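Below: the structure, in structure tokens.
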Amino acid sequence: MSLLYECINTVIAVLISISSGMPNHSASIQLCVQKLRILIEDSDQNLKYLGLLAMSKILKTHPKSVQAHKDLILACLDDKDESIRLRALDLLYGMVSKKNLMEIVKRLLGHMERAEGSAYRDELLYKVIEICSQSSYLFVTNFEWYLTVLVELIQLEAGSKHGRIIAEQLLDVAIRVPIVRQFAVNEMANLLDTFIVSSQSNSMYEVLYAAAWIVGEFSNELENVEPTLNVLLKPRQVPGHIQGVFVQNVMKLFTRLATTYMENGDVNGLITVSKKKKIIAYICRS
């Protein structure tokens with residue numbers, strides 16, 4: 001088997017080096033991939049790792065030849081050897097297309113649910129985001145789906161160190177994709193109402209930062225402003241910069257709500273919302 005690997009590796013190196021002058025060698029590439037599959041399916045962990053390593057070389061120049069074997073690569077995510085799992089994750093990044101993105105992400109989320117060890121779970125979370133956001137979301141065809149994926153990542157891994165990355169993705173999508181903004185705002189309103197941060201997941205507080213900013217900045221997209229305002233007014237033990245964005249966007253929601261009642265001539269609504277004014281003033285002073 002070791003000799004087989006060396007032969008395949010040599011052929012790959014030659015084919016890649018002459019690819020510009022010999023365009024019709026797809027059959028040879030396919031043969032190499034088929035032989036590498038034998039190595040990856042072998043019980044020897046070293047051969048499996050070498051097979052994945054050689055597959056990554058082919059992926060750079062002939063991605064379609066490797067994409068056909070995504071099920072084999074996904075199966076490697078269940079391997080007991082973490083180095084093989086991580087090598088398979090690296091391969092998946094280059095195997096993504098518009099057609100298979102949702103399937104691959106679904107499989108990765110399933111692995112997150114079963115995975116043991118926070119380091120590997122963190123790597124899976126990061127890879128999901130990296131896969132989806134590559135080349136300015138080139139392969140994402142449904143941004144509502146992507147937002148639900150981000151929310152699911154928050155729910156699956158509240159103790160992750162990647163809270164800031166998730167927050168950046170939430171903000172980026174909400175700002176850059178107007179067509180999905182209403183969905184994003186209402187998802188963030190639900191998140192603020194339900195998300196509980198554990199004492200060991202300080203980085204995930206950044207998700208609350210993003211959610212509060214989005215509901216305040218795009219409050220005109222909110223289906224129901226007052227419940228979200230009440231959620232932001234709830235006492236929370238959060239870092240200062242998170243509390244600051246809460247206060248800032250409480251003011252935006254209060255203004256939006258008061259303006260709506262005034263425009264509709266709703267006296268009772270104005271009386272109700274004016275009672276919150278004292279609470280907001282107290283929060284701002286403190």
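Identifiers for the structure tokens are assigned positionally: chains receive A, B, ... in sequence, residues are indexed from 1 per chain, and ligands are indexed from 1 in the order shown.
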If we count only C-alpha atoms, what is near Leu125 of chain A at a cut-off of 9 Å, once residues fewer than 4 positions away on the same chain are taken out, given as a JSON list (two decimals) with N, CA, C and O atoms, in the first residue's frame?
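The new file part-v6.json reads:
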```json
[["chain", "number", "residue", "atom", "x", "y", "z"],
["A", 108, "LEU", "N", -22.24, 18.40, 9.02],
["A", 108, "LEU", "CA", -21.31, 18.95, 10.02],
["A", 108, "LEU", "C", -22.03, 19.29, 11.32],
["A", 108, "LEU", "O", -21.51, 19.06, 12.42],
["A", 109, "LEU", "N", -23.24, 19.83, 11.21],
["A", 109, "LEU", "CA", -24.02, 20.13, 12.40],
["A", 109, "LEU", "C", -24.36, 18.85, 13.16],
["A", 109, "LEU", "O", -24.35, 18.83, 14.40],
["A", 112, "MET", "N", -21.41, 17.89, 15.10],
["A", 112, "MET", "CA", -21.25, 18.73, 16.28],
["A", 112, "MET", "C", -22.08, 18.20, 17.44],
["A", 112, "MET", "O", -21.64, 18.24, 18.60],
["A", 120, "TYR", "N", -12.42, 20.10, 19.31],
["A", 120, "TYR", "CA", -12.91, 19.60, 18.01],
["A", 120, "TYR", "C", -14.26, 20.22, 17.67],
["A", 120, "TYR", "O", -14.52, 20.54, 16.51],
["A", 121, "ARG", "N", -15.13, 20.38, 18.67],
["A", 121, "ARG", "CA", -16.43, 21.02, 18.43],
["A", 121, "ARG", "C", -16.23, 22.46, 17.97],
["A", 121, "ARG", "O", -16.93, 22.94, 17.07],
["A", 129, "ILE", "N", -18.76, 27.99, 9.50],
["A", 129, "ILE", "CA", -18.79, 29.40, 9.14],
["A", 129, "ILE", "C", -17.83, 29.69, 7.99],
["A", 129, "ILE", "O", -18.16, 30.43, 7.05],
["A", 130, "GLU", "N", -16.64, 29.10, 8.04],
["A", 130, "GLU", "CA", -15.65, 29.32, 6.99],
["A", 130, "GLU", "C", -16.15, 28.82, 5.64],
["A", 130, "GLU", "O", -15.98, 29.47, 4.61],
["A", 153, "LEU", "N", -25.90, 27.09, 15.57],
["A", 153, "LEU", "CA", -24.55, 26.99, 16.12],
["A", 153, "LEU", "C", -24.50, 27.57, 17.54],
["A", 153, "LEU", "O", -23.82, 27.03, 18.42],
["A", 157, "GLU", "N", -23.56, 25.17, 20.75],
["A", 157, "GLU", "CA", -22.25, 25.36, 21.39],
["A", 157, "GLU", "C", -22.18, 26.70, 22.10],
["A", 157, "GLU", "O", -21.44, 27.61, 21.70],
["A", 160, "SER", "N", -18.69, 28.05, 23.22],
["A", 160, "SER", "CA", -17.64, 28.18, 22.21],
["A", 160, "SER", "C", -16.82, 29.44, 22.39],
["A", 160, "SER", "O", -17.29, 30.45, 22.92],
["A", 162, "HIS", "N", -15.84, 31.00, 19.80],
["A", 162, "HIS", "CA", -16.04, 31.69, 18.53],
["A", 162, "HIS", "C", -17.28, 32.59, 18.52],
["A", 162, "HIS", "O", -17.85, 32.85, 17.46]]
```
Inset, instruction - Do a neighbour search on segment 243-251 of chain A at 6 Å with only C-alpha atoms, toss out local chain neighbours closer than 3 positions, and write the hits as number ranges by chain. - result: A: 212, 216, 240, 254
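Proximity ranking of A:Lys57, A:His62, A:Lys127, A:His241 relative to Ala27 of chain A places A:His62 first, based on only C-alpha atoms.
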